[in-house]
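As provided, target.pdb (PDB, C-alpha atoms, pLDDT in the B column) reads as follows.
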ATOM      1  CA  MET A   1      -4.370 -27.112  17.715  1.00 85.00           C
ATOM      2  CA  LYS A   2      -2.390 -28.172  14.685  1.00 87.00           C
ATOM      3  CA  SER A   3      -3.388 -26.864  11.271  1.00 85.00           C
ATOM      4  CA  ASN A   4      -1.922 -27.505   7.835  1.00 89.00           C
ATOM      5  CA  THR A   5       1.043 -25.471   6.653  1.00 94.00           C
ATOM      6  CA  GLU A   6      -0.871 -24.103   3.667  1.00 95.00           C
ATOM      7  CA  ILE A   7      -3.310 -22.213   5.913  1.00 96.00           C
ATOM      8  CA  VAL A   8      -0.539 -20.913   8.180  1.00 97.00           C
ATOM      9  CA  ALA A   9       1.421 -19.703   5.117  1.00 97.00           C
ATOM     10  CA  MET A  10      -1.670 -17.934   3.780  1.00 97.00           C
ATOM     11  CA  LEU A  11      -2.425 -16.305   7.148  1.00 97.00           C
ATOM     12  CA  ASN A  12       1.194 -15.151   7.241  1.00 98.00           C
ATOM     13  CA  LYS A  13       0.741 -13.611   3.802  1.00 98.00           C
ATOM     14  CA  VAL A  14      -2.274 -11.658   5.058  1.00 98.00           C
ATOM     15  CA  LEU A  15      -0.239 -10.687   8.152  1.00 98.00           C
ATOM     16  CA  THR A  16       2.559  -9.303   5.949  1.00 98.00           C
ATOM     17  CA  SER A  17      -0.016  -7.240   4.102  1.00 98.00           C
ATOM     18  CA  GLU A  18      -1.455  -5.887   7.389  1.00 98.00           C
ATOM     19  CA  LEU A  19       1.997  -5.054   8.767  1.00 98.00           C
ATOM     20  CA  THR A  20       2.786  -3.156   5.571  1.00 98.00           C
ATOM     21  CA  SER A  21      -0.558  -1.386   5.851  1.00 98.00           C
ATOM     22  CA  ILE A  22       0.123  -0.292   9.460  1.00 98.00           C
ATOM     23  CA  ASN A  23       3.312   1.485   8.398  1.00 98.00           C
ATOM     24  CA  GLN A  24       1.927   2.961   5.191  1.00 98.00           C
ATOM     25  CA  TYR A  25      -1.100   4.511   6.907  1.00 98.00           C
ATOM     26  CA  PHE A  26       0.929   5.694   9.882  1.00 98.00           C
ATOM     27  CA  LEU A  27       3.381   7.503   7.636  1.00 98.00           C
ATOM     28  CA  HIS A  28       0.583   8.951   5.479  1.00 98.00           C
ATOM     29  CA  ALA A  29      -1.261  10.094   8.643  1.00 98.00           C
ATOM     30  CA  ARG A  30       1.769  11.950   9.924  1.00 98.00           C
ATOM     31  CA  ILE A  31       2.537  13.470   6.514  1.00 98.00           C
ATOM     32  CA  TYR A  32      -1.043  14.843   6.508  1.00 98.00           C
ATOM     33  CA  LYS A  33      -0.552  16.078  10.093  1.00 98.00           C
ATOM     34  CA  ASN A  34       2.653  17.805   9.085  1.00 98.00           C
ATOM     35  CA  TRP A  35       0.706  19.645   6.374  1.00 97.00           C
ATOM     36  CA  GLY A  36      -2.096  20.509   8.819  1.00 97.00           C
ATOM     37  CA  PHE A  37      -4.794  18.283   7.279  1.00 97.00           C
ATOM     38  CA  SER A  38      -6.161  16.998  10.573  1.00 97.00           C
ATOM     39  CA  GLN A  39      -9.196  15.183   9.110  1.00 97.00           C
ATOM     40  CA  LEU A  40      -7.017  13.069   6.854  1.00 98.00           C
ATOM     41  CA  ASN A  41      -4.519  12.552   9.685  1.00 98.00           C
ATOM     42  CA  ASP A  42      -7.259  11.232  11.983  1.00 98.00           C
ATOM     43  CA  LYS A  43      -8.652   8.893   9.357  1.00 98.00           C
ATOM     44  CA  CYS A  44      -5.265   7.406   8.422  1.00 98.00           C
ATOM     45  CA  TYR A  45      -4.124   7.185  12.051  1.00 98.00           C
ATOM     46  CA  LYS A  46      -7.271   5.245  12.981  1.00 98.00           C
ATOM     47  CA  LYS A  47      -6.821   2.988   9.961  1.00 98.00           C
ATOM     48  CA  SER A  48      -3.282   2.227  11.085  1.00 98.00           C
ATOM     49  CA  ILE A  49      -4.462   1.339  14.613  1.00 98.00           C
ATOM     50  CA  LEU A  50      -7.254  -0.837  13.172  1.00 97.00           C
ATOM     51  CA  ASP A  51      -4.648  -2.663  11.093  1.00 98.00           C
ATOM     52  CA  MET A  52      -2.615  -3.264  14.263  1.00 98.00           C
ATOM     53  CA  LYS A  53      -5.642  -4.854  15.896  1.00 98.00           C
ATOM     54  CA  GLN A  54      -6.232  -6.992  12.808  1.00 98.00           C
ATOM     55  CA  ALA A  55      -2.559  -8.001  12.778  1.00 98.00           C
ATOM     56  CA  ASP A  56      -2.910  -8.958  16.454  1.00 98.00           C
ATOM     57  CA  LYS A  57      -5.846 -11.258  15.629  1.00 98.00           C
ATOM     58  CA  LEU A  58      -3.823 -12.878  12.837  1.00 98.00           C
ATOM     59  CA  ILE A  59      -0.778 -13.345  15.110  1.00 98.00           C
ATOM     60  CA  GLU A  60      -2.898 -14.980  17.801  1.00 98.00           C
ATOM     61  CA  ARG A  61      -4.644 -17.213  15.288  1.00 97.00           C
ATOM     62  CA  ILE A  62      -1.363 -18.344  13.703  1.00 97.00           C
ATOM     63  CA  LEU A  63       0.063 -19.175  17.149  1.00 97.00           C
ATOM     64  CA  PHE A  64      -3.160 -20.997  18.017  1.00 97.00           C
ATOM     65  CA  LEU A  65      -2.706 -23.105  14.879  1.00 96.00           C
ATOM     66  CA  GLU A  66       0.840 -23.872  16.069  1.00 96.00           C
ATOM     67  CA  GLY A  67       2.535 -21.857  13.339  1.00 96.00           C
ATOM     68  CA  LEU A  68       5.063 -19.049  13.665  1.00 97.00           C
ATOM     69  CA  PRO A  69       3.742 -15.600  12.775  1.00 97.00           C
ATOM     70  CA  ASN A  70       6.280 -13.848  10.562  1.00 97.00           C
ATOM     71  CA  LEU A  71       6.630 -10.306  11.870  1.00 97.00           C
ATOM     72  CA  GLN A  72       9.881  -9.802  10.031  1.00 96.00           C
ATOM     73  CA  GLN A  73       8.440  -9.786   6.523  1.00 95.00           C
ATOM     74  CA  LEU A  74       7.262  -6.428   5.208  1.00 94.00           C
ATOM     75  CA  GLY A  75       5.960  -5.463   1.780  1.00 95.00           C
ATOM     76  CA  GLN A  76       6.811  -2.337  -0.183  1.00 94.00           C
ATOM     77  CA  LEU A  77       5.266   0.892   1.097  1.00 95.00           C
ATOM     78  CA  SER A  78       3.657   3.101  -1.524  1.00 95.00           C
ATOM     79  CA  ILE A  79       3.990   6.629  -0.226  1.00 97.00           C
ATOM     80  CA  GLY A  80       2.649   9.531  -2.260  1.00 97.00           C
ATOM     81  CA  GLU A  81       4.088  13.028  -2.465  1.00 96.00           C
ATOM     82  CA  GLU A  82       0.829  14.988  -2.482  1.00 96.00           C
ATOM     83  CA  THR A  83      -2.736  14.317  -1.311  1.00 97.00           C
ATOM     84  CA  PRO A  84      -4.335  12.916  -4.522  1.00 97.00           C
ATOM     85  CA  GLU A  85      -1.297  10.718  -5.108  1.00 97.00           C
ATOM     86  CA  MET A  86      -1.362   9.500  -1.498  1.00 98.00           C
ATOM     87  CA  LEU A  87      -5.041   8.570  -1.827  1.00 98.00           C
ATOM     88  CA  ASN A  88      -4.249   6.815  -5.091  1.00 97.00           C
ATOM     89  CA  CYS A  89      -1.374   4.855  -3.505  1.00 97.00           C
ATOM     90  CA  ASP A  90      -3.665   3.786  -0.655  1.00 98.00           C
ATOM     91  CA  TYR A  91      -6.374   2.823  -3.131  1.00 98.00           C
ATOM     92  CA  HIS A  92      -4.122   0.506  -5.137  1.00 97.00           C
ATOM     93  CA  PHE A  93      -2.693  -0.947  -1.953  1.00 98.00           C
ATOM     94  CA  GLN A  94      -6.214  -1.692  -0.682  1.00 98.00           C
ATOM     95  CA  LEU A  95      -7.223  -3.408  -3.924  1.00 98.00           C
ATOM     96  CA  THR A  96      -4.166  -5.693  -3.803  1.00 98.00           C
ATOM     97  CA  GLN A  97      -4.794  -6.464  -0.156  1.00 98.00           C
ATOM     98  CA  ARG A  98      -8.443  -7.240  -0.872  1.00 98.00           C
ATOM     99  CA  THR A  99      -7.411  -9.854  -3.461  1.00 98.00           C
ATOM    100  CA  THR A 100      -4.987 -11.438  -0.963  1.00 98.00           C
ATOM    101  CA  ILE A 101      -7.677 -11.686   1.720  1.00 98.00           C
ATOM    102  CA  GLN A 102     -10.182 -13.088  -0.780  1.00 98.00           C
ATOM    103  CA  GLN A 103      -7.688 -15.816  -1.725  1.00 98.00           C
ATOM    104  CA  ALA A 104      -7.115 -16.569   1.970  1.00 98.00           C
ATOM    105  CA  ILE A 105     -10.860 -16.823   2.612  1.00 98.00           C
ATOM    106  CA  ALA A 106     -11.274 -19.189  -0.356  1.00 98.00           C
ATOM    107  CA  LEU A 107      -8.440 -21.388   0.953  1.00 97.00           C
ATOM    108  CA  CYS A 108      -9.865 -21.506   4.493  1.00 97.00           C
ATOM    109  CA  GLU A 109     -13.256 -22.413   3.073  1.00 97.00           C
ATOM    110  CA  SER A 110     -11.815 -25.244   0.970  1.00 97.00           C
ATOM    111  CA  GLN A 111      -9.804 -26.566   3.960  1.00 95.00           C
ATOM    112  CA  GLN A 112     -12.860 -26.216   6.232  1.00 95.00           C
ATOM    113  CA  ASP A 113     -11.096 -23.810   8.607  1.00 96.00           C
ATOM    114  CA  TYR A 114     -14.271 -21.839   9.276  1.00 96.00           C
ATOM    115  CA  VAL A 115     -12.936 -19.919  12.278  1.00 96.00           C
ATOM    116  CA  SER A 116     -10.044 -18.447  10.274  1.00 97.00           C
ATOM    117  CA  ARG A 117     -12.462 -17.728   7.449  1.00 97.00           C
ATOM    118  CA  ASP A 118     -14.775 -15.762   9.770  1.00 98.00           C
ATOM    119  CA  MET A 119     -11.840 -13.785  11.140  1.00 98.00           C
ATOM    120  CA  LEU A 120     -10.681 -12.977   7.610  1.00 98.00           C
ATOM    121  CA  SER A 121     -14.226 -11.989   6.587  1.00 98.00           C
ATOM    122  CA  ASP A 122     -14.269  -9.443   9.422  1.00 98.00           C
ATOM    123  CA  ILE A 123     -10.911  -8.076   8.268  1.00 98.00           C
ATOM    124  CA  LEU A 124     -12.129  -7.931   4.654  1.00 98.00           C
ATOM    125  CA  GLU A 125     -15.207  -5.976   5.733  1.00 97.00           C
ATOM    126  CA  GLY A 126     -12.984  -3.314   7.326  1.00 96.00           C
ATOM    127  CA  GLU A 127     -10.775  -3.130   4.241  1.00 97.00           C
ATOM    128  CA  GLU A 128     -13.751  -2.778   1.892  1.00 98.00           C
ATOM    129  CA  GLU A 129     -15.133   0.032   4.026  1.00 98.00           C
ATOM    130  CA  HIS A 130     -11.833   1.840   3.636  1.00 98.00           C
ATOM    131  CA  ILE A 131     -11.866   1.302  -0.148  1.00 98.00           C
ATOM    132  CA  ASP A 132     -15.301   2.927  -0.157  1.00 98.00           C
ATOM    133  CA  TRP A 133     -13.984   5.846   1.919  1.00 98.00           C
ATOM    134  CA  ILE A 134     -11.127   6.409  -0.548  1.00 98.00           C
ATOM    135  CA  GLU A 135     -13.580   6.287  -3.477  1.00 98.00           C
ATOM    136  CA  THR A 136     -15.671   8.945  -1.716  1.00 98.00           C
ATOM    137  CA  GLN A 137     -12.574  11.140  -1.331  1.00 98.00           C
ATOM    138  CA  GLN A 138     -11.681  10.694  -4.990  1.00 97.00           C
ATOM    139  CA  TYR A 139     -15.215  11.664  -5.987  1.00 98.00           C
ATOM    140  CA  GLN A 140     -15.097  14.753  -3.762  1.00 97.00           C
ATOM    141  CA  LEU A 141     -11.692  15.696  -5.171  1.00 97.00           C
ATOM    142  CA  GLU A 142     -13.093  15.499  -8.673  1.00 97.00           C
ATOM    143  CA  GLN A 143     -16.236  17.478  -7.834  1.00 97.00           C
ATOM    144  CA  LEU A 144     -14.786  20.118  -5.506  1.00 97.00           C
ATOM    145  CA  GLY A 145     -11.328  20.503  -6.996  1.00 97.00           C
ATOM    146  CA  LEU A 146      -8.123  20.073  -4.999  1.00 97.00           C
ATOM    147  CA  GLU A 147      -8.174  23.430  -3.200  1.00 97.00           C
ATOM    148  CA  LYS A 148     -11.730  23.176  -1.863  1.00 97.00           C
ATOM    149  CA  TYR A 149     -11.259  19.534  -0.978  1.00 97.00           C
ATOM    150  CA  LEU A 150      -8.131  20.283   1.042  1.00 97.00           C
ATOM    151  CA  GLN A 151      -9.837  23.199   2.765  1.00 97.00           C
ATOM    152  CA  ALA A 152     -12.457  20.757   4.041  1.00 96.00           C
ATOM    153  CA  GLN A 153      -9.694  18.584   5.532  1.00 96.00           C
ATOM    154  CA  LEU A 154      -8.196  21.247   7.824  1.00 93.00           C
TER     155      LEU A 154
ATOM    156  CA  MET B   1       5.328   8.787  -5.285  1.00 94.00           C
ATOM    157  CA  TYR B   2       8.370   7.624  -3.364  1.00 96.00           C
ATOM    158  CA  VAL B   3       9.930   4.617  -5.068  1.00 96.00           C
ATOM    159  CA  CYS B   4      12.833   4.297  -2.625  1.00 96.00           C
ATOM    160  CA  ILE B   5      11.889   5.018   0.987  1.00 95.00           C
ATOM    161  CA  CYS B   6      15.434   4.435   2.283  1.00 95.00           C
ATOM    162  CA  LYS B   7      16.906   7.311   0.261  1.00 95.00           C
ATOM    163  CA  GLY B   8      13.709   9.273  -0.450  1.00 95.00           C
ATOM    164  CA  ILE B   9      13.899   8.931  -4.241  1.00 96.00           C
ATOM    165  CA  THR B  10      10.716   9.613  -6.220  1.00 96.00           C
ATOM    166  CA  ASP B  11       9.389   8.263  -9.517  1.00 95.00           C
ATOM    167  CA  LYS B  12       9.665  11.794 -10.948  1.00 95.00           C
ATOM    168  CA  GLN B  13      13.420  11.843 -10.302  1.00 96.00           C
ATOM    169  CA  ILE B  14      13.811   8.471 -12.058  1.00 96.00           C
ATOM    170  CA  LYS B  15      11.688   9.588 -15.021  1.00 95.00           C
ATOM    171  CA  GLN B  16      13.789  12.736 -15.326  1.00 95.00           C
ATOM    172  CA  MET B  17      16.983  10.640 -15.431  1.00 94.00           C
ATOM    173  CA  VAL B  18      15.524   8.419 -18.172  1.00 93.00           C
ATOM    174  CA  LEU B  19      14.377  11.380 -20.261  1.00 92.00           C
ATOM    175  CA  GLU B  20      17.340  13.697 -19.757  1.00 92.00           C
ATOM    176  CA  GLN B  21      20.309  11.386 -19.163  1.00 91.00           C
ATOM    177  CA  GLY B  22      19.119   8.489 -21.343  1.00 89.00           C
ATOM    178  CA  VAL B  23      19.221   6.032 -18.448  1.00 90.00           C
ATOM    179  CA  GLY B  24      17.922   2.617 -19.573  1.00 90.00           C
ATOM    180  CA  SER B  25      18.679   0.248 -16.702  1.00 92.00           C
ATOM    181  CA  ILE B  26      19.032   0.123 -12.931  1.00 94.00           C
ATOM    182  CA  ARG B  27      22.825  -0.224 -13.342  1.00 94.00           C
ATOM    183  CA  GLU B  28      22.980   3.048 -15.298  1.00 93.00           C
ATOM    184  CA  LEU B  29      20.563   4.716 -12.873  1.00 95.00           C
ATOM    185  CA  LYS B  30      22.771   3.771  -9.908  1.00 94.00           C
ATOM    186  CA  GLN B  31      25.501   6.009 -11.340  1.00 94.00           C
ATOM    187  CA  GLN B  32      23.139   8.997 -11.073  1.00 93.00           C
ATOM    188  CA  LEU B  33      20.998   8.208  -8.025  1.00 94.00           C
ATOM    189  CA  ASP B  34      21.699   6.231  -4.872  1.00 94.00           C
ATOM    190  CA  ILE B  35      18.822   3.835  -5.582  1.00 94.00           C
ATOM    191  CA  ALA B  36      18.394   0.178  -4.505  1.00 92.00           C
ATOM    192  CA  SER B  37      21.494   0.545  -2.335  1.00 93.00           C
ATOM    193  CA  GLN B  38      20.105  -0.142   1.124  1.00 93.00           C
ATOM    194  CA  CYS B  39      17.297  -2.720   1.419  1.00 92.00           C
ATOM    195  CA  GLY B  40      16.754  -3.425  -2.283  1.00 91.00           C
ATOM    196  CA  THR B  41      12.941  -3.519  -1.974  1.00 92.00           C
ATOM    197  CA  CYS B  42      12.551  -0.781  -4.575  1.00 94.00           C
ATOM    198  CA  ALA B  43      14.473  -2.566  -7.375  1.00 94.00           C
ATOM    199  CA  LYS B  44      11.363  -4.092  -8.975  1.00 94.00           C
ATOM    200  CA  LEU B  45       9.358  -0.862  -8.957  1.00 94.00           C
ATOM    201  CA  THR B  46      12.369   1.120 -10.202  1.00 96.00           C
ATOM    202  CA  GLN B  47      12.655  -1.192 -13.214  1.00 95.00           C
ATOM    203  CA  GLN B  48       8.930  -0.726 -13.904  1.00 95.00           C
ATOM    204  CA  VAL B  49       9.254   3.074 -13.776  1.00 95.00           C
ATOM    205  CA  ILE B  50      12.238   2.976 -16.179  1.00 94.00           C
ATOM    206  CA  ASP B  51      10.442   0.601 -18.577  1.00 93.00           C
ATOM    207  CA  ASN B  52       7.169   2.544 -18.544  1.00 93.00           C
ATOM    208  CA  THR B  53       8.937   5.845 -19.160  1.00 93.00           C
ATOM    209  CA  ILE B  54      10.809   4.366 -22.147  1.00 90.00           C
ATOM    210  CA  ILE B  55       7.580   2.900 -23.544  1.00 89.00           C
ATOM    211  CA  ASP B  56       5.719   6.211 -23.156  1.00 84.00           C
ATOM    212  CA  GLU B  57       8.555   8.066 -24.795  1.00 79.00           C
ATOM    213  CA  SER B  58       8.875   5.756 -27.820  1.00 78.00           C
ATOM    214  CA  LEU B  59       5.111   5.718 -28.407  1.00 62.00           C
ATOM    215  CA  PHE B  60       5.162   9.493 -28.339  1.00 65.00           C
ATOM    216  CA  LYS B  61       7.870   9.554 -31.023  1.00 67.00           C
ATOM    217  CA  ASP B  62       5.907   7.175 -33.284  1.00 63.00           C
ATOM    218  CA  VAL B  63       2.866   9.434 -33.197  1.00 59.00           C
ATOM    219  CA  GLY B  64       4.988  12.491 -34.010  1.00 54.00           C
TER     220      GLY B  64
END
Mind turning the file's structure into structure tokens?
Amino acid sequence: MKSNTEIVAMLNKVLTSELTSINQYFLHARIYKNWGFSQLNDKCYKKSILDMKQADKLIERILFLEGLPNLQQLGQLSIGEETPEMLNCDYHFQLTQRTTIQQAIALCESQQDYVSRDMLSDILEGEEEHIDWIETQQYQLEQLGLEKYLQAQL
Amino acid sequence: MYVCICKGITDKQIKQMVLEQGVGSIRELKQQLDIASQCGTCAKLTQQVIDNTIIDESLFKDVG
């Protein structure tokens, strides 16, 4: 089914963001694992896998719309050096990604591509949940202090 | 955070070069660190780190 190039370009932009996200969370997960913070490792690993599934949906949708999914394009990874910085990097990445998805949803709505819009809404829901999780971590960090917070992540 | 993933260069290293060696541009920074030499993705962020460090530094001097 043929769609307009504007929608395919926008879906590709969201795909780039997801592909970047997969790598960023995978690297962060394994950095946490290397430090022995298994809770944070699990969370970031699962986030990375979720992003892969979301990327898969986007790839299939782009192909369905007779476009070419761009798996070559990758954004800049923001990798922190210690836990609070890593959470902060993820937080800013999530906020940027949220704006991108919102723009994509608005475009799909205006072009009456309701199926793509629904798919993007599902993706956005997952991303917002993760933003909330990061905010919870930042709150805990502030309340417990770094040492106690990290002890809870072993 | 890591600005350049290819060579593992951090924002702290760049800031240190700006403050201690008086680096003011990517061209000058390249003489000290092996930055933006592989994929080039980090060039934009590197420039931002240099600029922000210079701004912070000059504001600090004005207050003093």
- request: State, in Å with one decimal place, the distance from atom CA of B:Gln48 to atom CA of A:Thr83.
  value: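 Distance reported for this atom pair: 22.8 Å.
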Within 9 Å of chain B, which residues belong to chain A? Use only C-alpha atoms and report them as a PDB file with C-alpha atoms, keeping the file's coordinate frame.
ATOM      1  CA  GLY A  75       5.960  -5.463   1.780  1.00 95.00           C
ATOM      2  CA  GLN A  76       6.811  -2.337  -0.183  1.00 94.00           C
ATOM      3  CA  LEU A  77       5.266   0.892   1.097  1.00 95.00           C
ATOM      4  CA  SER A  78       3.657   3.101  -1.524  1.00 95.00           C
ATOM      5  CA  ILE A  79       3.990   6.629  -0.226  1.00 97.00           C
ATOM      6  CA  GLY A  80       2.649   9.531  -2.260  1.00 97.00           C
ATOM      7  CA  GLU A  81       4.088  13.028  -2.465  1.00 96.00           C
ATOM      8  CA  GLU A  82       0.829  14.988  -2.482  1.00 96.00           C
ATOM      9  CA  GLU A  85      -1.297  10.718  -5.108  1.00 97.00           C
ATOM     10  CA  MET A  86      -1.362   9.500  -1.498  1.00 98.00           C
ATOM     11  CA  CYS A  89      -1.374   4.855  -3.505  1.00 97.00           C
TER      12      CYS A  89
END
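The spacing separating atom CA of A:Thr5 from atom CA of A:Met52 amounts to 23.8 Å.
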- prompt: What is the distance, in Å and to one decimal place, between atom CA of A:Gln102 and atom CA of A:Ala29?
  reply: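 Those two atoms sit 26.6 Å apart.
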Axis-aligned box over every listed atom of stretch 4-12 of chain A, padded by 8 Å per side: centre and edges in Å to one decimal, as JSON?
{"center_x": -0.9, "center_y": -21.3, "center_z": 5.9, "size_x": 20.7, "size_y": 28.4, "size_z": 20.5}
- request: Any chance you could resolve the PyMOL selection byres ((chain B and resi 6) around 9) against this file and give the residues as a PyMOL selection string?
  value: chain B and resi 4-5+7-9+35-39
task: With a distance cut-off of 12 Å and only C-alpha atoms, select the neighbouring residues of A:Gln111, excluding the residue or stretch itself and same-chain residues fewer than 5 positions from it, and output the selection as a PyMOL selection string.
output: chain A and resi 3-8+10+104-106+116-117
query: Using all atoms listed in the file, which residues sit within 12 Å of stretch 94-99 of chain A once same-chain residues fewer than 3 positions away are excluded, as a PyMOL selection string?
result: chain A and resi 13-21+24-25+47+51+75+77-78+87-91+102-106+120-121+123-135
Output file for the residues above (C-alpha atoms, as a PDB file, in the frame of the given file):
ATOM      1  CA  LYS A  13       0.741 -13.611   3.802  1.00 98.00           C
ATOM      2  CA  VAL A  14      -2.274 -11.658   5.058  1.00 98.00           C
ATOM      3  CA  LEU A  15      -0.239 -10.687   8.152  1.00 98.00           C
ATOM      4  CA  THR A  16       2.559  -9.303   5.949  1.00 98.00           C
ATOM      5  CA  SER A  17      -0.016  -7.240   4.102  1.00 98.00           C
ATOM      6  CA  GLU A  18      -1.455  -5.887   7.389  1.00 98.00           C
ATOM      7  CA  LEU A  19       1.997  -5.054   8.767  1.00 98.00           C
ATOM      8  CA  THR A  20       2.786  -3.156   5.571  1.00 98.00           C
ATOM      9  CA  SER A  21      -0.558  -1.386   5.851  1.00 98.00           C
ATOM     10  CA  GLN A  24       1.927   2.961   5.191  1.00 98.00           C
ATOM     11  CA  TYR A  25      -1.100   4.511   6.907  1.00 98.00           C
ATOM     12  CA  LYS A  47      -6.821   2.988   9.961  1.00 98.00           C
ATOM     13  CA  ASP A  51      -4.648  -2.663  11.093  1.00 98.00           C
ATOM     14  CA  GLY A  75       5.960  -5.463   1.780  1.00 95.00           C
ATOM     15  CA  LEU A  77       5.266   0.892   1.097  1.00 95.00           C
ATOM     16  CA  SER A  78       3.657   3.101  -1.524  1.00 95.00           C
ATOM     17  CA  LEU A  87      -5.041   8.570  -1.827  1.00 98.00           C
ATOM     18  CA  ASN A  88      -4.249   6.815  -5.091  1.00 97.00           C
ATOM     19  CA  CYS A  89      -1.374   4.855  -3.505  1.00 97.00           C
ATOM     20  CA  ASP A  90      -3.665   3.786  -0.655  1.00 98.00           C
ATOM     21  CA  TYR A  91      -6.374   2.823  -3.131  1.00 98.00           C
ATOM     22  CA  GLN A 102     -10.182 -13.088  -0.780  1.00 98.00           C
ATOM     23  CA  GLN A 103      -7.688 -15.816  -1.725  1.00 98.00           C
ATOM     24  CA  ALA A 104      -7.115 -16.569   1.970  1.00 98.00           C
ATOM     25  CA  ILE A 105     -10.860 -16.823   2.612  1.00 98.00           C
ATOM     26  CA  ALA A 106     -11.274 -19.189  -0.356  1.00 98.00           C
ATOM     27  CA  LEU A 120     -10.681 -12.977   7.610  1.00 98.00           C
ATOM     28  CA  SER A 121     -14.226 -11.989   6.587  1.00 98.00           C
ATOM     29  CA  ILE A 123     -10.911  -8.076   8.268  1.00 98.00           C
ATOM     30  CA  LEU A 124     -12.129  -7.931   4.654  1.00 98.00           C
ATOM     31  CA  GLU A 125     -15.207  -5.976   5.733  1.00 97.00           C
ATOM     32  CA  GLY A 126     -12.984  -3.314   7.326  1.00 96.00           C
ATOM     33  CA  GLU A 127     -10.775  -3.130   4.241  1.00 97.00           C
ATOM     34  CA  GLU A 128     -13.751  -2.778   1.892  1.00 98.00           C
ATOM     35  CA  GLU A 129     -15.133   0.032   4.026  1.00 98.00           C
ATOM     36  CA  HIS A 130     -11.833   1.840   3.636  1.00 98.00           C
ATOM     37  CA  ILE A 131     -11.866   1.302  -0.148  1.00 98.00           C
ATOM     38  CA  ASP A 132     -15.301   2.927  -0.157  1.00 98.00           C
ATOM     39  CA  TRP A 133     -13.984   5.846   1.919  1.00 98.00           C
ATOM     40  CA  ILE A 134     -11.127   6.409  -0.548  1.00 98.00           C
ATOM     41  CA  GLU A 135     -13.580   6.287  -3.477  1.00 98.00           C
TER      42      GLU A 135
END
Selection dump of the PyMOL selection byres ((chain B and resi 47) around 12), as a ChimeraX atom specification: /B:3-4,11,14-15,18,23-30,35-36,40-46,48-54
query: Pick the closest to A:Cys44 from A:Asp56, A:Ile22, A:Leu107, A:Phe64: which is it, counting all atoms listed in the file?
result: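 Counting all atoms listed in the file, the residue closest to A:Cys44 is A:Ile22.
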- prompt: Of the candidates A:Leu154, A:Leu146, A:Ala55, A:Leu65, which one gets nearest to A:Asn23 if we count all atoms listed in the file?
  reply: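 Looking only at the distances to A:Asn23, the closest residue turns out to be A:Ala55.
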task: Using all atoms listed in the file, determine which residues lie at most 9 Å from stretch 33-40 of chain A, disregarding the query and same-chain residues fewer than 6 positions distant; provide the list as a list in words.
output: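 Using all atoms listed in the file, the neighbours found are Leu150, Gln151, Ala152, Gln153 and Leu154 of chain A.
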How would the residues just picked look written out with C-alpha atoms as a CSV table (one decimal), in the coordinates of the input?
chain,number,residue,atom,x,y,z
A,150,LEU,CA,-8.1,20.3,1.0
A,151,GLN,CA,-9.8,23.2,2.8
A,152,ALA,CA,-12.5,20.8,4.0
A,153,GLN,CA,-9.7,18.6,5.5
A,154,LEU,CA,-8.2,21.2,7.8
message: Can you translate the PyMOL selection byres ((chain A and resi 59) around 9) into the concrete residues it hits in this file, as a list of chain:residue names?
response: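 Selected by the PyMOL selection byres ((chain A and resi 59) around 9) in this file: A:Leu11, A:Asn12, A:Leu15, A:Gln54, A:Ala55, A:Asp56, A:Lys57, A:Leu58, A:Glu60, A:Arg61, A:Ile62, A:Leu63, A:Phe64, A:Leu68, A:Pro69, A:Asn70, A:Leu71.
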Would you kindly place N, CA and C atoms on stretch 14-23 of chain B and return the model as an mmCIF file, keeping the file's coordinate frame?
data_model
loop_
_atom_site.group_PDB
_atom_site.id
_atom_site.type_symbol
_atom_site.label_atom_id
_atom_site.label_comp_id
_atom_site.auth_asym_id
_atom_site.auth_seq_id
_atom_site.Cartn_x
_atom_site.Cartn_y
_atom_site.Cartn_z
ATOM 1 N N ILE B 14 13.374 9.566 -11.164
ATOM 2 C CA ILE B 14 13.811 8.471 -12.058
ATOM 3 C C ILE B 14 13.422 8.789 -13.500
ATOM 4 N N LYS B 15 12.160 9.243 -13.675
ATOM 5 C CA LYS B 15 11.688 9.588 -15.021
ATOM 6 C C LYS B 15 12.582 10.655 -15.653
ATOM 7 N N GLN B 16 12.932 11.646 -14.846
ATOM 8 C CA GLN B 16 13.789 12.736 -15.326
ATOM 9 C C GLN B 16 15.139 12.195 -15.801
ATOM 10 N N MET B 17 15.690 11.232 -15.056
ATOM 11 C CA MET B 17 16.983 10.640 -15.431
ATOM 12 C C MET B 17 16.873 9.886 -16.753
ATOM 13 N N VAL B 18 15.733 9.182 -16.934
ATOM 14 C CA VAL B 18 15.524 8.419 -18.172
ATOM 15 C C VAL B 18 15.411 9.380 -19.358
ATOM 16 N N LEU B 19 14.636 10.453 -19.164
ATOM 17 C CA LEU B 19 14.377 11.380 -20.261
ATOM 18 C C LEU B 19 15.583 12.275 -20.583
ATOM 19 N N GLU B 20 16.270 12.720 -19.532
ATOM 20 C CA GLU B 20 17.340 13.697 -19.757
ATOM 21 C C GLU B 20 18.731 13.077 -19.887
ATOM 22 N N GLN B 21 18.969 11.989 -19.146
ATOM 23 C CA GLN B 21 20.309 11.386 -19.163
ATOM 24 C C GLN B 21 20.344 10.109 -20.001
ATOM 25 N N GLY B 22 19.174 9.696 -20.529
ATOM 26 C CA GLY B 22 19.119 8.489 -21.343
ATOM 27 C C GLY B 22 19.390 7.214 -20.565
ATOM 28 N N VAL B 23 19.033 7.226 -19.275
ATOM 29 C CA VAL B 23 19.221 6.032 -18.448
ATOM 30 C C VAL B 23 18.266 4.928 -18.904
#
